[in-house]
Structures are given as C-alpha cells and as structure tokens.
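Engineer: The file below is upload18.cif, mmCIF, C-alpha atoms and all ligand atoms:
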data_protein
#
loop_
_atom_site.group_PDB
_atom_site.id
_atom_site.type_symbol
_atom_site.label_atom_id
_atom_site.label_comp_id
_atom_site.auth_asym_id
_atom_site.auth_seq_id
_atom_site.Cartn_x
_atom_site.Cartn_y
_atom_site.Cartn_z
ATOM 1 C CA MET A 1 84.193 93.617 113.802
ATOM 2 C CA ALA A 2 81.013 91.576 114.283
ATOM 3 C CA ALA A 3 79.282 94.688 115.606
ATOM 4 C CA LYS A 4 80.630 96.801 112.753
ATOM 5 C CA TYR A 5 79.172 94.450 110.145
ATOM 6 C CA ASP A 6 76.087 93.601 112.171
ATOM 7 C CA VAL A 7 76.629 89.855 112.375
ATOM 8 C CA GLU A 8 75.998 87.518 115.257
ATOM 9 C CA VAL A 9 78.812 85.257 116.495
ATOM 10 C CA ALA A 10 78.525 82.087 118.521
ATOM 11 C CA VAL A 11 81.325 79.871 119.814
ATOM 12 C CA GLU A 12 80.238 76.276 120.216
ATOM 13 C CA ARG A 13 81.624 72.779 120.235
ATOM 14 C CA LEU A 14 81.559 71.653 116.577
ATOM 15 C CA ASP A 15 82.386 68.152 115.447
ATOM 16 C CA ASP A 16 83.229 68.001 111.757
ATOM 17 C CA VAL A 17 83.723 71.623 110.723
ATOM 18 C CA GLU A 18 85.736 74.535 112.078
ATOM 19 C CA SER A 19 82.998 77.051 111.407
ATOM 20 C CA TYR A 20 79.886 77.744 109.374
ATOM 21 C CA VAL A 21 77.541 80.579 108.554
ATOM 22 C CA ILE A 22 73.762 80.757 108.341
ATOM 23 C CA GLY A 23 72.246 84.063 107.300
ATOM 24 C CA ARG A 24 74.144 86.620 109.371
ATOM 25 C CA ARG A 25 75.074 84.181 112.121
ATOM 26 C CA ILE A 26 78.646 82.835 112.278
ATOM 27 C CA VAL A 27 79.344 79.774 114.386
ATOM 28 C CA LEU A 28 82.927 78.972 115.392
ATOM 29 C CA ASP A 29 84.336 75.832 116.987
ATOM 30 C CA SER A 30 85.345 76.430 120.598
ATOM 31 C CA ASP A 31 88.368 74.127 120.206
ATOM 32 C CA LEU A 32 90.118 76.333 117.658
ATOM 33 C CA TYR A 33 93.152 78.184 118.906
ATOM 34 C CA PRO A 34 92.540 81.957 118.857
ATOM 35 C CA PRO A 35 94.380 83.057 115.677
ATOM 36 C CA ARG A 36 92.720 80.198 113.776
ATOM 37 C CA ARG A 37 89.320 81.117 115.198
ATOM 38 C CA ASN A 38 89.877 84.744 114.132
ATOM 39 C CA TRP A 39 90.780 83.537 110.665
ATOM 40 C CA ARG A 40 87.633 81.410 110.379
ATOM 41 C CA PHE A 41 85.558 84.355 111.597
ATOM 42 C CA CYS A 42 86.979 86.603 108.853
ATOM 43 C CA HIS A 43 86.481 83.866 106.247
ATOM 44 C CA GLU A 44 82.796 83.414 107.165
ATOM 45 C CA LEU A 45 82.273 87.167 107.397
ATOM 46 C CA ALA A 46 83.740 87.449 103.898
ATOM 47 C CA HIS A 47 81.125 84.973 102.612
ATOM 48 C CA ILE A 48 78.400 87.209 104.063
ATOM 49 C CA LEU A 49 79.904 90.393 102.608
ATOM 50 C CA LEU A 50 80.372 88.741 99.209
ATOM 51 C CA GLY A 51 76.745 87.668 99.188
ATOM 52 C CA HIS A 52 77.480 83.940 99.303
ATOM 53 C CA THR A 53 74.238 83.297 101.126
ATOM 54 C CA ASP A 54 73.398 79.760 100.096
ATOM 55 C CA ILE A 55 75.972 77.476 101.715
ATOM 56 C CA GLN A 56 75.027 74.572 99.454
ATOM 57 C CA MET A 57 76.101 76.627 96.436
ATOM 58 C CA ILE A 58 79.571 77.522 97.631
ATOM 59 C CA ASN A 59 82.227 76.367 95.145
ATOM 60 C CA PRO A 60 86.056 76.405 95.240
ATOM 61 C CA GLU A 61 86.153 79.740 93.409
ATOM 62 C CA MET A 62 83.954 81.296 96.100
ATOM 63 C CA GLU A 63 86.197 79.793 98.776
ATOM 64 C CA ARG A 64 89.207 81.487 97.172
ATOM 65 C CA GLU A 65 87.331 84.790 97.062
ATOM 66 C CA ALA A 66 86.393 84.434 100.707
ATOM 67 C CA ASP A 67 90.006 83.687 101.667
ATOM 68 C CA ALA A 68 91.243 86.747 99.774
ATOM 69 C CA SER A 69 88.646 88.976 101.418
ATOM 70 C CA ALA A 70 89.392 87.450 104.817
ATOM 71 C CA VAL A 71 93.051 88.487 104.483
ATOM 72 C CA GLU A 72 91.956 92.031 103.685
ATOM 73 C CA LEU A 73 89.594 92.118 106.689
ATOM 74 C CA MET A 74 92.324 90.818 108.950
ATOM 75 C CA LEU A 75 95.279 92.802 107.597
ATOM 76 C CA PRO A 76 94.019 95.771 105.566
ATOM 77 C CA ILE A 77 96.580 96.252 102.823
ATOM 78 C CA ALA A 78 97.157 100.007 103.210
ATOM 79 C CA GLU A 79 97.786 99.651 106.922
ATOM 80 C CA PHE A 80 99.907 96.551 106.427
ATOM 81 C CA ARG A 81 102.104 98.157 103.756
ATOM 82 C CA GLN A 82 102.700 101.147 105.973
ATOM 83 C CA ALA A 83 103.637 98.934 108.931
ATOM 84 C CA MET A 84 105.900 96.753 106.741
ATOM 85 C CA LYS A 85 108.111 99.727 105.946
ATOM 86 C CA GLU A 86 109.488 99.846 109.442
ATOM 87 C CA MET A 87 108.653 96.480 110.975
ATOM 88 C CA ASP A 88 110.010 92.975 110.670
ATOM 89 C CA ILE A 89 107.752 89.920 111.024
ATOM 90 C CA PRO A 90 107.845 89.703 114.862
ATOM 91 C CA ALA A 91 106.990 93.413 115.127
ATOM 92 C CA LEU A 92 104.139 92.927 112.649
ATOM 93 C CA LYS A 93 102.879 90.043 114.782
ATOM 94 C CA GLU A 94 102.772 92.410 117.776
ATOM 95 C CA ARG A 95 101.073 95.085 115.718
ATOM 96 C CA PHE A 96 98.442 92.616 114.383
ATOM 97 C CA PRO A 97 98.118 90.112 117.270
ATOM 98 C CA HIS A 98 94.764 88.760 116.044
ATOM 99 C CA ALA A 99 96.435 87.321 112.916
ATOM 100 C CA SER A 100 98.536 84.158 112.931
ATOM 101 C CA TRP A 101 102.228 84.177 111.990
ATOM 102 C CA GLU A 102 101.286 82.320 108.819
ATOM 103 C CA VAL A 103 98.678 84.853 107.660
ATOM 104 C CA ILE A 104 101.141 87.690 108.311
ATOM 105 C CA ALA A 105 103.977 85.877 106.524
ATOM 106 C CA ARG A 106 101.783 85.085 103.512
ATOM 107 C CA ARG A 107 100.722 88.717 103.217
ATOM 108 C CA TRP A 108 104.374 89.743 103.545
ATOM 109 C CA ILE A 109 105.681 87.478 100.759
ATOM 110 C CA ASN A 110 103.025 88.790 98.383
ATOM 111 C CA GLU A 111 104.326 92.294 98.899
ATOM 112 C CA ARG A 112 107.998 91.336 98.678
ATOM 113 C CA GLN A 113 108.124 88.674 95.939
ATOM 114 C CA ALA A 114 109.504 86.203 98.430
ATOM 115 C CA VAL A 115 108.889 82.528 99.213
ATOM 116 C CA LEU A 116 107.416 81.206 102.463
ATOM 117 C CA THR A 117 108.294 77.680 103.555
ATOM 118 C CA ILE A 118 106.680 76.132 106.614
ATOM 119 C CA TYR A 119 108.010 73.252 108.699
ATOM 120 C CA ASP A 120 105.932 71.645 111.442
ATOM 121 C CA ASN A 121 107.871 69.472 113.890
ATOM 122 C CA GLY A 122 110.684 69.259 111.359
ATOM 123 C CA ARG A 123 108.504 68.288 108.382
ATOM 124 C CA LEU A 124 107.915 70.500 105.371
ATOM 125 C CA THR A 125 104.168 71.227 105.301
ATOM 126 C CA GLY A 126 103.888 74.137 102.886
ATOM 127 C CA ARG A 127 105.798 76.270 100.396
ATOM 128 C CA TYR A 128 104.147 79.378 98.992
ATOM 129 C CA ALA A 129 105.001 82.245 96.672
ATOM 130 C CA PRO A 130 103.082 85.047 94.989
ATOM 131 C CA GLU A 131 100.997 83.813 92.042
ATOM 132 C CA ASP A 132 103.198 85.061 89.209
ATOM 133 C CA MET A 133 106.549 84.227 90.784
ATOM 134 C CA ALA A 134 108.761 81.392 89.531
ATOM 135 C CA PHE A 135 110.551 79.598 92.370
ATOM 136 C CA PRO A 136 112.165 76.223 93.058
ATOM 137 C CA ALA A 137 109.620 73.711 94.354
ATOM 138 C CA ARG A 138 112.003 72.397 97.001
ATOM 139 C CA PRO A 139 114.094 74.456 99.422
ATOM 140 C CA GLY A 140 117.838 74.567 98.751
ATOM 141 C CA ALA A 141 120.730 73.640 101.038
ATOM 142 C CA ALA A 142 121.123 77.083 102.618
ATOM 143 C CA GLU A 143 117.410 77.212 103.412
ATOM 144 C CA ILE A 144 117.321 73.737 104.959
ATOM 145 C CA ASP A 145 120.415 74.593 106.962
ATOM 146 C CA LEU A 146 118.887 77.679 108.495
ATOM 147 C CA VAL A 147 115.625 75.886 109.325
ATOM 148 C CA ARG A 148 117.597 73.181 111.147
ATOM 149 C CA GLU A 149 119.564 75.750 113.146
ATOM 150 C CA CYS A 150 116.399 77.682 113.937
ATOM 151 C CA SER A 151 114.626 74.637 115.403
ATOM 152 C CA GLU A 152 117.715 73.593 117.366
ATOM 153 C CA LYS A 153 118.248 77.016 118.904
ATOM 154 C CA ARG A 154 114.506 77.716 119.145
ATOM 155 C CA GLN A 155 115.024 81.307 118.133
ATOM 156 C CA HIS A 156 114.549 83.637 115.189
ATOM 157 C CA LEU A 157 117.544 83.716 112.846
ATOM 158 C CA ARG A 158 118.530 85.735 109.853
ATOM 159 C CA ARG A 159 121.158 85.092 107.197
ATOM 160 C CA GLY A 160 122.267 87.509 104.501
ATOM 161 C CA ALA A 161 123.040 86.976 100.830
ATOM 162 C CA ASP A 162 126.804 86.965 101.469
ATOM 163 C CA GLU A 163 126.490 83.816 103.615
ATOM 164 C CA THR A 164 124.052 81.973 101.346
ATOM 165 C CA GLU A 165 123.772 81.586 97.597
ATOM 166 C CA GLY A 166 122.504 85.111 97.026
ATOM 167 C CA LEU A 167 119.430 84.675 99.214
ATOM 168 C CA ASP A 168 118.209 86.766 102.076
ATOM 169 C CA LEU A 169 116.816 84.303 104.625
ATOM 170 C CA GLN A 170 114.761 84.798 107.761
ATOM 171 C CA ALA A 171 113.637 81.910 109.944
ATOM 172 C CA TYR A 172 111.078 82.300 112.715
ATOM 173 C CA PHE A 173 110.565 79.769 115.472
ATOM 174 C CA VAL A 174 106.964 79.603 116.704
ATOM 175 C CA ASP A 175 105.708 77.387 119.513
ATOM 176 C CA ASP A 176 102.174 78.378 120.400
ATOM 177 C CA GLY A 177 101.686 75.574 122.886
ATOM 178 C CA ARG A 178 99.637 73.286 120.644
ATOM 179 C CA GLY A 179 102.259 70.589 120.479
ATOM 180 C CA VAL A 180 103.486 71.845 117.122
ATOM 181 C CA GLU A 181 106.840 73.538 116.766
ATOM 182 C CA ARG A 182 106.728 75.556 113.605
ATOM 183 C CA VAL A 183 109.457 77.232 111.621
ATOM 184 C CA LEU A 184 108.487 79.841 109.055
ATOM 185 C CA LEU A 185 111.223 80.480 106.536
ATOM 186 C CA LEU A 186 111.141 83.563 104.348
ATOM 187 C CA THR A 187 113.372 83.424 101.287
ATOM 188 C CA GLU A 188 114.067 86.518 99.233
ATOM 189 C CA PRO A 189 116.434 86.783 96.291
ATOM 190 C CA SER A 190 118.973 89.485 97.119
ATOM 191 C CA ILE A 191 118.632 92.792 95.267
ATOM 192 C CA GLU A 192 121.697 92.012 93.119
ATOM 193 C CA ASP A 193 120.161 88.776 91.895
ATOM 194 C CA LEU A 194 117.036 90.542 90.742
ATOM 195 C CA SER A 195 118.941 92.880 88.430
HETATM 196 ZN ZN ZN B 201 84.125 79.069 103.064
#
As structure tokens, how would this structure be written, given the file I've shared?
Structural biologist:
Amino acid sequence: MAAKYDVEVAVERLDDVESYVIGRRIVLDSDLYPPRRNWRFCHELAHILLGHTDIQMINPEMEREADASAVELMLPIAEFRQAMKEMDIPALKERFPHASWEVIARRWINERQAVLTIYDNGRLTGRYAPEDMAFPARPGAAEIDLVRECSEKRQHLRRGADETEGLDLQAYFVDDGRGVERVLLLTEPSIEDLS
C-alpha cells in the first residue's frame, strides 16, 4: 500500500507516540503489535491523502476523518460487504488478516445495527454502536453471562434470541499473546424485535 500511494515507511523505536507523519514519510513504533501497527499506518496514510500536511494544525475533527478513511483503506466497504454475506467474524479475520478483530467487529456492527462490547482481562473497556442507534449503555444479564462463559471456556460462543431476551449474541475469545485476554461481544436485536 505504501508503494501504491508513494509514501515512505520507517519502523523505529518511538517513545511517546505510536506513529507520526512528516511530508510523505510515515514512522511507526517498532513495539506495536502488527494489527495495531497496520492500523497506525492506515491512519497516517489517511492524513496524507486528506491533505493534513501540517501536523501542528491537526484537530480532533481531522483525527476523526483520518480514522474513518483508515477503516476504508483497511477494509474497503464494497469488498467487506460482499465478504460479510457469507462469512462470520472469524472467517472475516482470516480474509482480512492485516486488520485487528476490533477493527473488523466495528465495521461489522456499523453494517448490521449491532452493538460491540469489549472486555479486556474481564473488565469492560469499550461499548460501541453505530452513530444513530439507541442502545443501553450497560450490557444486560444475558450479555454478561455469555462473556463470562466465553472467557472461562476460552472459545467463541453464540447464543440465539430464544435463549436470551430477544438478542442474538456472539462472543469471541481473542488472546494474541500480549498478556491481554479479550472478549468481543456482538449484540444484535433479533429480527422479530426490530419489527
Ligand atoms: Zn492522526
């Protein structure tokens, strides 16, 4: 991708930032684990493509734009939608190995009007939904239950609307060897509930 967009990439030991960009040169911290490094690369590339050339001038709005463009660079929407039709999250992760589970799951919930809840080492660290979607701020009993079972069994689990309170739940156990055991929970209202 660097060659395609004619940018230079360097991987170096950085102290206080994960990455930065100067002109058309992107510098990435060598300590980042690969999916995170790929994400930072796409984020910095997005700044270049969006014409955010003066780093001192970058504001939160520009950061949001860069994040949105980075997702598109990493998981082009047309390709992702096509793949989603026949693939579940683990299959999507195999299809797009350069993206992290989280980036894939966040793209997925935007397409499905679902909620993503993330637990790291048993602690809730994030809960996300598409912009215009109303959803409970805290996970409910059925969701918490499935997350607990998922971390105990250390395997992906799925639970249908008949076993929960009308929710379709998927929990994914991810241990990428960084000392963090992560569970990604995808919560979708069942079709009946939407009507
Ligand atoms: Zn940025």
Engineer: Find, counting all atoms listed in the file, the residue in A:Leu167, A:Leu116, A:Cys42, A:Met87 that gets nearest to ligand ZN 201 (chain B).
Structural biologist: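 Between A:Leu167, A:Leu116, A:Cys42, A:Met87, the residue approaching ligand ZN 201 (chain B) most closely is A:Cys42.
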Engineer: Can you pull out the residues contacting Glu165 of chain A? Cut-off 10 Å, using all atoms listed in the file, and skip same-chain residues under 5 positions away; I want them as a PyMOL selection string.
Structural biologist: chain A and resi 140-143+160+189-190+193
Engineer: Got a sec to resolve the PyMOL selection byres (((not hetatm)) within 7 of (chain B and resi 201)) on this structure and send the residues as a PyMOL selection string?
Structural biologist: chain A and resi 43-44+47+63+66
Engineer: With distances taken over all atoms listed in the file, which of A:Asp120, A:Asp132, A:Glu163, A:Glu86 is nearest to Asp175 of chain A?
Structural biologist: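 Among the listed residues, the smallest separation from Asp175 of chain A belongs to A:Asp120.
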Engineer: Using all atoms listed in the file, which residue out of A:Lys93, A:Val174, A:Glu188, A:Arg64 lies closest to Phe135 of chain A?
Structural biologist: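 Among the listed residues, A:Glu188 lies closest to Phe135 of chain A.
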Engineer: Tell me which protein, DNA and RNA residues are within 9 Å of segment 2-17 of chain A, counting only C-alpha atoms, leaving out same-chain ones fewer than 3 positions away, and put them as a PyMOL selection string.
Structural biologist: chain A and resi 20+23-31+41+45+48-49
Engineer: Which residue gives the smallest distance to Thr117 of chain A among A:Met74, A:Ala129, A:Leu185, A:Val103, with only C-alpha atoms counted?
Structural biologist: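 For Thr117 of chain A, the nearest of the candidates is A:Leu185.
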Engineer: So how far away is atom CA of Tyr172 of chain A from atom CA of Gln155 of chain A, in Å?
Structural biologist: 6.8 Å
Engineer: As a PDB file, in the coordinates of the input, please: segment 157-168 of chain A completed to N, CA and C atoms.
Structural biologist:
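Dumped to rebuild_2.pdb:
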ATOM      1  N   LEU A 157     116.206  83.543 113.420  1.00  0.00           N
ATOM      2  CA  LEU A 157     117.544  83.716 112.846  1.00  0.00           C
ATOM      3  C   LEU A 157     117.445  84.377 111.484  1.00  0.00           C
ATOM      4  N   ARG A 158     118.513  85.052 111.131  1.00  0.00           N
ATOM      5  CA  ARG A 158     118.530  85.735 109.853  1.00  0.00           C
ATOM      6  C   ARG A 158     119.882  85.480 109.197  1.00  0.00           C
ATOM      7  N   ARG A 159     119.897  85.303 107.881  1.00  0.00           N
ATOM      8  CA  ARG A 159     121.158  85.092 107.197  1.00  0.00           C
ATOM      9  C   ARG A 159     121.153  85.888 105.881  1.00  0.00           C
ATOM     10  N   GLY A 160     122.216  86.619 105.664  1.00  0.00           N
ATOM     11  CA  GLY A 160     122.267  87.509 104.501  1.00  0.00           C
ATOM     12  C   GLY A 160     122.805  86.834 103.255  1.00  0.00           C
ATOM     13  N   ALA A 161     122.669  87.528 102.134  1.00  0.00           N
ATOM     14  CA  ALA A 161     123.040  86.976 100.830  1.00  0.00           C
ATOM     15  C   ALA A 161     124.515  86.585 100.750  1.00  0.00           C
ATOM     16  N   ASP A 162     125.370  87.267 101.514  1.00  0.00           N
ATOM     17  CA  ASP A 162     126.804  86.965 101.469  1.00  0.00           C
ATOM     18  C   ASP A 162     127.112  85.593 102.062  1.00  0.00           C
ATOM     19  N   GLU A 163     126.249  85.116 102.974  1.00  0.00           N
ATOM     20  CA  GLU A 163     126.490  83.816 103.615  1.00  0.00           C
ATOM     21  C   GLU A 163     125.756  82.680 102.909  1.00  0.00           C
ATOM     22  N   THR A 164     124.839  83.020 102.017  1.00  0.00           N
ATOM     23  CA  THR A 164     124.052  81.973 101.346  1.00  0.00           C
ATOM     24  C   THR A 164     124.392  82.017  99.856  1.00  0.00           C
ATOM     25  N   GLU A 165     123.506  81.495  99.034  1.00  0.00           N
ATOM     26  CA  GLU A 165     123.772  81.586  97.597  1.00  0.00           C
ATOM     27  C   GLU A 165     122.964  82.742  97.015  1.00  0.00           C
ATOM     28  N   GLY A 166     123.203  83.933  97.540  1.00  0.00           N
ATOM     29  CA  GLY A 166     122.504  85.111  97.026  1.00  0.00           C
ATOM     30  C   GLY A 166     121.086  85.253  97.539  1.00  0.00           C
ATOM     31  N   LEU A 167     120.790  84.594  98.666  1.00  0.00           N
ATOM     32  CA  LEU A 167     119.430  84.675  99.214  1.00  0.00           C
ATOM     33  C   LEU A 167     119.452  85.411 100.546  1.00  0.00           C
ATOM     34  N   ASP A 168     118.387  86.158 100.777  1.00  0.00           N
ATOM     35  CA  ASP A 168     118.209  86.766 102.076  1.00  0.00           C
ATOM     36  C   ASP A 168     117.209  85.885 102.833  1.00  0.00           C
TER      37      ASP A 168
END
